[in-house]
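A.B. asks: Would you mind keeping the following structure in view while I ask a few things?
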Amino acid sequence: MNKIRKVRFHSFGDRGVLQEERIEQSQPDAGQVLVAVRTASVNPVDYKIRSGKYPAVQQDRLPYTPGRDVSGVVERCGAQANKFKVGDEVFGIVPVYGGGYAEQAVLDERALAAKPAGIDHVHAAAIPLAAQTAWQGLFRHGGLKHGQTVLIHGGSGGVGHFAIQFAKVFGARVLTTVSTDNVAFAQSLGADVVIDYKKQRFEAHASELDVVFDLIDGDTRERSWQLLKKGGILVSTLTEPAQDKARSFGVHATRYTVEADGAELAEIARLVGAGKVKPHIQRTFPLQAAADAMTSVEQGHSVGKVVLTVG
Ligand SMILES: NC(=O)c1ccc[n+]([C@@H]2O[C@H](COP(=O)([O-])OP(=O)(O)OC[C@H]3O[C@@H](n4cnc5c(N)ncnc54)[C@H](OP(=O)(O)O)[C@@H]3O)[C@@H](O)[C@H]2O)c1
């Protein structure tokens, strides 16, 4: 059996635990697809898992190959996977048990969509996890509608830069918090009000919000409750919001984990293909520099996405 290059770790720890190895590729189960990975994106969850701080990945899952989304070419289909055929260009979310930082990855067929027309694999890999997190946070959990107002905390990062664009495409009014260097970037994405959190108190610029999309947590969240209108909602990708706090402000609050959904990804692909939403690539790294790529994201100041080039 062919051996492929994978970056993985055998124990939790800092960037030093990552190593490149040549190992046999696992084969797709009935409903899965083996993808020849061209590019894989780097997400904060990758370093959280590597450091052992992500509850869904425990010791029994080691050795672990990071990488929660990829873009590539279908190499083999499982016995009951019939949506795609060998040679199709696809992209999607890799299961939480990992595998993207490798020459091949196994994905559930239902997590995949055809790569958007007119963009390369680098831009395609930037989309699945971050964009679906943004989409699900705004629409599935936040119920954001045309004409409503949303405050997006962390608008310059992987999730935030998609969230600004989606909210605008669907006719919402968008306020966002970013650091000084990223004000122009957030404006270029279409945000109506860009608040420089290094220089301004966001409370002075926001009120009567329908949705707060919180990608930051902590003090930022605590200062946001009062800005929601009665019946509004705070949606978090991080810790569980306190329900008693939400009740005391007469608002709702929820925390969610992104789910792979190929049909939803296909809808996002149409927006990207039509040029209405654009993934922003901060930087690419080759697979062998995966530790550097992860460190870059771990520093916490990403502008858009960091992507690994693989094949
Ligand atoms: N629950 C889920 O399923 C799920 C899915 C995806 C992501 N997440 C989590 O959601 C968070 C965001 O993900 P991401 O991929 O967008 O992360 P990211 O790409 O690392 O972006 C984080 C952004 O936040 C900005 N930032 C830092 N402090 C800020 C502050 N006080 N106010 C406003 N912006 C601030 C950073 O830029 P500056 O430092 O320059 O401001 C950076 O652009 C991460 O913690 C991630 O683990 C959860």
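By convention here, the chains of the structure tokens are called A, B, ... in the order presented, each chain's residues are numbered starting at 1, and ligands are numbered starting at 1 in the order presented.
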Which residues of stretch 74-192 of chain A come within 8 Å of stretch 220-237 of chain A, and for each one, what is the closest pair of atoms and their distance in Å to one decimal, counting only C-alpha atoms, sorted by chain and residue number, as CSV?
C.D. replies:
```
residue,atom,partner,partner_atom,distance
A:Gly137,CA,A:Val235,CA,6.4
A:Leu138,CA,A:Val235,CA,7.9
A:His141,CA,A:Val235,CA,6.9
A:Gly142,CA,A:Val235,CA,6.2
A:His153,CA,A:Thr220,CA,7.9
```
A.B. asks: Show me, as a CSV table (one decimal) with N, CA, C and O atoms, in the first residue's frame, the residues that have an atom within 10 Å of A:Ser51 when counting only C-alpha atoms, minus same-chain residues fewer than 3 positions from it.
C.D. replies:
```csv
chain,number,residue,atom,x,y,z
A,11,SER,N,1.7,12.9,21.3
A,11,SER,CA,1.4,13.3,22.6
A,11,SER,C,1.0,14.8,22.5
A,11,SER,O,1.4,15.5,21.6
A,12,PHE,N,0.1,15.2,23.4
A,12,PHE,CA,-0.3,16.6,23.4
A,12,PHE,C,0.9,17.5,23.9
A,12,PHE,O,1.7,17.1,24.7
A,13,GLY,N,0.9,18.7,23.4
A,13,GLY,CA,2.0,19.6,23.8
A,13,GLY,C,2.1,20.8,22.9
A,13,GLY,O,1.1,21.2,22.3
A,14,ASP,N,3.2,21.5,22.9
A,14,ASP,CA,3.4,22.7,22.1
A,14,ASP,C,3.8,22.3,20.7
A,14,ASP,O,3.7,21.1,20.3
A,15,ARG,N,4.2,23.2,19.9
A,15,ARG,CA,4.5,23.0,18.5
A,15,ARG,C,5.5,21.9,18.2
A,15,ARG,O,5.5,21.2,17.2
A,17,VAL,N,5.7,19.0,19.3
A,17,VAL,CA,5.2,17.6,19.2
A,17,VAL,C,4.8,17.2,17.8
A,17,VAL,O,4.6,16.0,17.4
A,45,VAL,N,-8.8,25.7,16.3
A,45,VAL,CA,-9.1,24.4,16.9
A,45,VAL,C,-7.9,23.4,16.8
A,45,VAL,O,-7.7,22.6,17.6
A,46,ASP,N,-7.1,23.6,15.8
A,46,ASP,CA,-5.9,22.8,15.5
A,46,ASP,C,-4.9,22.9,16.7
A,46,ASP,O,-4.4,21.8,17.2
A,47,TYR,N,-4.6,24.1,17.1
A,47,TYR,CA,-3.7,24.2,18.2
A,47,TYR,C,-4.3,23.9,19.6
A,47,TYR,O,-3.7,23.4,20.5
A,48,LYS,N,-5.6,24.1,19.7
A,48,LYS,CA,-6.3,23.7,20.9
A,48,LYS,C,-6.3,22.2,21.1
A,48,LYS,O,-6.0,21.7,22.2
A,54,TYR,N,-8.9,20.4,24.1
A,54,TYR,CA,-10.1,20.3,23.3
A,54,TYR,C,-10.8,19.0,23.7
A,54,TYR,O,-10.4,17.9,23.4
```
A.B. asks: Here is a test: counting only C-alpha atoms, which residue of A:Val33, A:Ala290, A:Leu62, A:Ile93 is nearest to A:Val74?
C.D. replies: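 Smallest distance to A:Val74 is found for A:Val33.
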A.B. asks: Considering only C-alpha atoms, state which residue in the set A:Gly154, A:Gly311, A:Gly262, A:Gly147 is at the smallest distance from A:Val94.
C.D. replies: A:Gly262
A.B. asks: If DSSP is run on the backbone, what residues of stretch 117-231 of chain A are strand (DSSP E)? A reply as number ranges by chain would be ideal.
C.D. replies: A: 149-153, 173-178, 193-196, 209-214, 228-231
A.B. asks: Sorted by chain and rising residue number, list the residues of chain A at most 8 Å from ligand 1 (counting only C-alpha atoms and all ligand atoms), each with its closest atom pair and distance in Å to one decimal, as a Markdown table.
C.D. replies:
```
| residue | atom | partner | partner_atom_place_in_ligand_line | distance |
| --- | --- | --- | --- | --- |
| A:Asn43 | CA | ligand 1 | 15 (O) | 5.4 |
| A:Pro44 | CA | ligand 1 | 47 (O) | 4.5 |
| A:Val45 | CA | ligand 1 | 47 (O) | 5.0 |
| A:Lys48 | CA | ligand 1 | 47 (O) | 7.5 |
| A:Leu129 | CA | ligand 1 | 6 (C) | 6.5 |
| A:Ala130 | CA | ligand 1 | 6 (C) | 5.7 |
| A:Thr133 | CA | ligand 1 | 5 (C) | 5.2 |
| A:Ala134 | CA | ligand 1 | 6 (C) | 8.0 |
| A:His153 | CA | ligand 1 | 33 (C) | 4.9 |
| A:Gly154 | CA | ligand 1 | 34 (N) | 3.3 |
| A:Gly155 | CA | ligand 1 | 34 (N) | 6.3 |
| A:Ser156 | CA | ligand 1 | 43 (O) | 4.2 |
| A:Gly157 | CA | ligand 1 | 21 (O) | 3.3 |
| A:Gly158 | CA | ligand 1 | 19 (O) | 3.8 |
| A:Val159 | CA | ligand 1 | 16 (O) | 3.7 |
| A:Gly160 | CA | ligand 1 | 16 (O) | 5.3 |
| A:His161 | CA | ligand 1 | 16 (O) | 7.6 |
| A:Thr176 | CA | ligand 1 | 33 (C) | 7.9 |
| A:Thr177 | CA | ligand 1 | 33 (C) | 4.7 |
| A:Val178 | CA | ligand 1 | 34 (N) | 4.6 |
| A:Ser179 | CA | ligand 1 | 41 (O) | 4.2 |
| A:Thr180 | CA | ligand 1 | 40 (O) | 7.6 |
| A:Asp181 | CA | ligand 1 | 40 (O) | 6.9 |
| A:Asn182 | CA | ligand 1 | 40 (O) | 6.6 |
| A:Tyr197 | CA | ligand 1 | 32 (N) | 5.9 |
| A:Lys198 | CA | ligand 1 | 31 (N) | 8.0 |
| A:Leu215 | CA | ligand 1 | 11 (C) | 4.6 |
| A:Ile216 | CA | ligand 1 | 30 (C) | 5.9 |
| A:Thr220 | CA | ligand 1 | 31 (N) | 6.4 |
| A:Ser236 | CA | ligand 1 | 1 (N) | 7.3 |
| A:Thr237 | CA | ligand 1 | 1 (N) | 3.8 |
| A:Leu238 | CA | ligand 1 | 1 (N) | 5.7 |
| A:Arg255 | CA | ligand 1 | 1 (N) | 7.1 |
| A:Tyr256 | CA | ligand 1 | 1 (N) | 5.3 |
| A:Thr257 | CA | ligand 1 | 3 (O) | 3.4 |
| A:Val258 | CA | ligand 1 | 3 (O) | 3.8 |
| A:Glu259 | CA | ligand 1 | 3 (O) | 7.3 |
| A:Val297 | CA | ligand 1 | 20 (O) | 5.5 |
| A:Glu298 | CA | ligand 1 | 20 (O) | 6.8 |
| A:Gln299 | CA | ligand 1 | 20 (O) | 7.7 |
| A:Gly300 | CA | ligand 1 | 20 (O) | 4.6 |
| A:His301 | CA | ligand 1 | 37 (O) | 3.8 |
| A:Ser302 | CA | ligand 1 | 43 (O) | 4.4 |
| A:Val303 | CA | ligand 1 | 43 (O) | 5.0 |
| A:Gly304 | CA | ligand 1 | 19 (O) | 6.1 |
| A:Lys305 | CA | ligand 1 | 19 (O) | 6.2 |
```
A.B. asks: Could you pull the residues within 9 Å of stretch 6-8 of chain A, counting only C-alpha atoms, minus those fewer than 2 positions along the same chain, as a list of chain:residue names?
C.D. replies: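 Near stretch 6-8 of chain A, the qualifying residues are A:Ile4, A:His10, A:Val17, A:Leu18, A:Gln19, A:Glu20, A:Glu21, A:Arg22, A:Ile23, A:Leu62, A:Pro63, A:Tyr64, A:Thr65, A:Pro66, A:Gly99, A:Gly100, A:Tyr101, A:Ala102, A:Glu103, A:Gln104, A:Leu287, A:Gln288, A:Ala290.
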A.B. asks: Please produce an output containing N, CA, C and O atoms for each residue in the selection, written as a short mmCIF file (atom, residue, chain, number, x, y, z; two decimals), in the first residue's frame.
C.D. replies:
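So out_18.cif came out as:
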```
data_model
loop_
_atom_site.label_atom_id
_atom_site.label_comp_id
_atom_site.auth_asym_id
_atom_site.auth_seq_id
_atom_site.Cartn_x
_atom_site.Cartn_y
_atom_site.Cartn_z
N ILE A 4 1.84 7.84 2.52
CA ILE A 4 1.65 9.27 2.25
C ILE A 4 2.26 10.10 3.37
O ILE A 4 2.48 9.61 4.47
N HIS A 10 2.02 12.50 18.60
CA HIS A 10 1.77 11.28 19.39
C HIS A 10 1.48 11.61 20.85
O HIS A 10 1.10 10.73 21.62
N VAL A 17 5.67 18.96 19.30
CA VAL A 17 5.15 17.58 19.19
C VAL A 17 4.79 17.22 17.75
O VAL A 17 4.59 16.04 17.44
N LEU A 18 4.71 18.22 16.87
CA LEU A 18 4.31 17.93 15.48
C LEU A 18 5.46 17.30 14.72
O LEU A 18 6.59 17.77 14.79
N GLN A 19 5.19 16.23 14.01
CA GLN A 19 6.23 15.64 13.17
C GLN A 19 5.64 15.18 11.85
O GLN A 19 4.48 14.77 11.78
N GLU A 20 6.49 15.26 10.81
CA GLU A 20 6.05 14.77 9.51
C GLU A 20 6.45 13.31 9.40
O GLU A 20 7.59 12.94 9.71
N GLU A 21 5.50 12.46 8.99
CA GLU A 21 5.77 11.03 8.90
C GLU A 21 5.24 10.50 7.57
O GLU A 21 4.38 11.12 6.95
N ARG A 22 5.74 9.35 7.18
CA ARG A 22 5.19 8.65 6.01
C ARG A 22 4.46 7.44 6.53
O ARG A 22 5.07 6.55 7.14
N ILE A 23 3.16 7.41 6.32
CA ILE A 23 2.39 6.28 6.85
C ILE A 23 1.34 5.83 5.84
O ILE A 23 1.05 6.55 4.88
N LEU A 62 -4.90 9.53 19.80
CA LEU A 62 -3.53 9.75 19.34
C LEU A 62 -2.99 8.48 18.69
O LEU A 62 -3.38 7.38 19.09
N PRO A 63 -2.09 8.56 17.70
CA PRO A 63 -1.58 9.80 17.10
C PRO A 63 -2.67 10.53 16.32
O PRO A 63 -3.56 9.89 15.75
N TYR A 64 -2.56 11.85 16.30
CA TYR A 64 -3.59 12.70 15.71
C TYR A 64 -2.99 13.56 14.59
O TYR A 64 -1.94 14.17 14.78
N THR A 65 -3.69 13.60 13.48
CA THR A 65 -3.30 14.48 12.37
C THR A 65 -4.22 15.70 12.38
O THR A 65 -5.42 15.54 12.17
N PRO A 66 -3.70 16.90 12.64
CA PRO A 66 -4.58 18.08 12.65
C PRO A 66 -5.12 18.36 11.24
O PRO A 66 -4.69 17.77 10.26
N GLY A 99 -7.17 15.00 10.16
CA GLY A 99 -6.60 14.43 8.97
C GLY A 99 -6.23 15.37 7.84
O GLY A 99 -5.71 14.91 6.82
N GLY A 100 -6.44 16.66 7.97
CA GLY A 100 -6.21 17.56 6.84
C GLY A 100 -4.77 17.85 6.51
O GLY A 100 -4.43 18.11 5.35
N TYR A 101 -3.87 17.80 7.52
CA TYR A 101 -2.47 18.13 7.26
C TYR A 101 -1.78 16.88 6.70
O TYR A 101 -0.93 16.26 7.33
N ALA A 102 -2.17 16.50 5.49
CA ALA A 102 -1.68 15.24 4.92
C ALA A 102 -1.92 15.24 3.42
O ALA A 102 -2.71 16.04 2.90
N GLU A 103 -1.24 14.32 2.73
CA GLU A 103 -1.43 14.26 1.28
C GLU A 103 -2.79 13.70 0.88
O GLU A 103 -3.26 13.92 -0.23
N GLN A 104 -3.40 12.91 1.79
CA GLN A 104 -4.75 12.41 1.54
C GLN A 104 -5.55 12.50 2.83
O GLN A 104 -4.98 12.35 3.92
N LEU A 287 3.33 22.23 3.60
CA LEU A 287 2.98 21.24 4.64
C LEU A 287 4.10 21.06 5.66
O LEU A 287 3.86 20.95 6.87
N GLN A 288 5.34 21.04 5.16
CA GLN A 288 6.46 20.78 6.08
C GLN A 288 6.66 21.92 7.09
O GLN A 288 7.35 21.74 8.09
N ALA A 290 4.13 23.17 8.82
CA ALA A 290 2.84 23.19 9.53
C ALA A 290 2.98 23.80 10.92
O ALA A 290 2.08 24.51 11.39
#
```
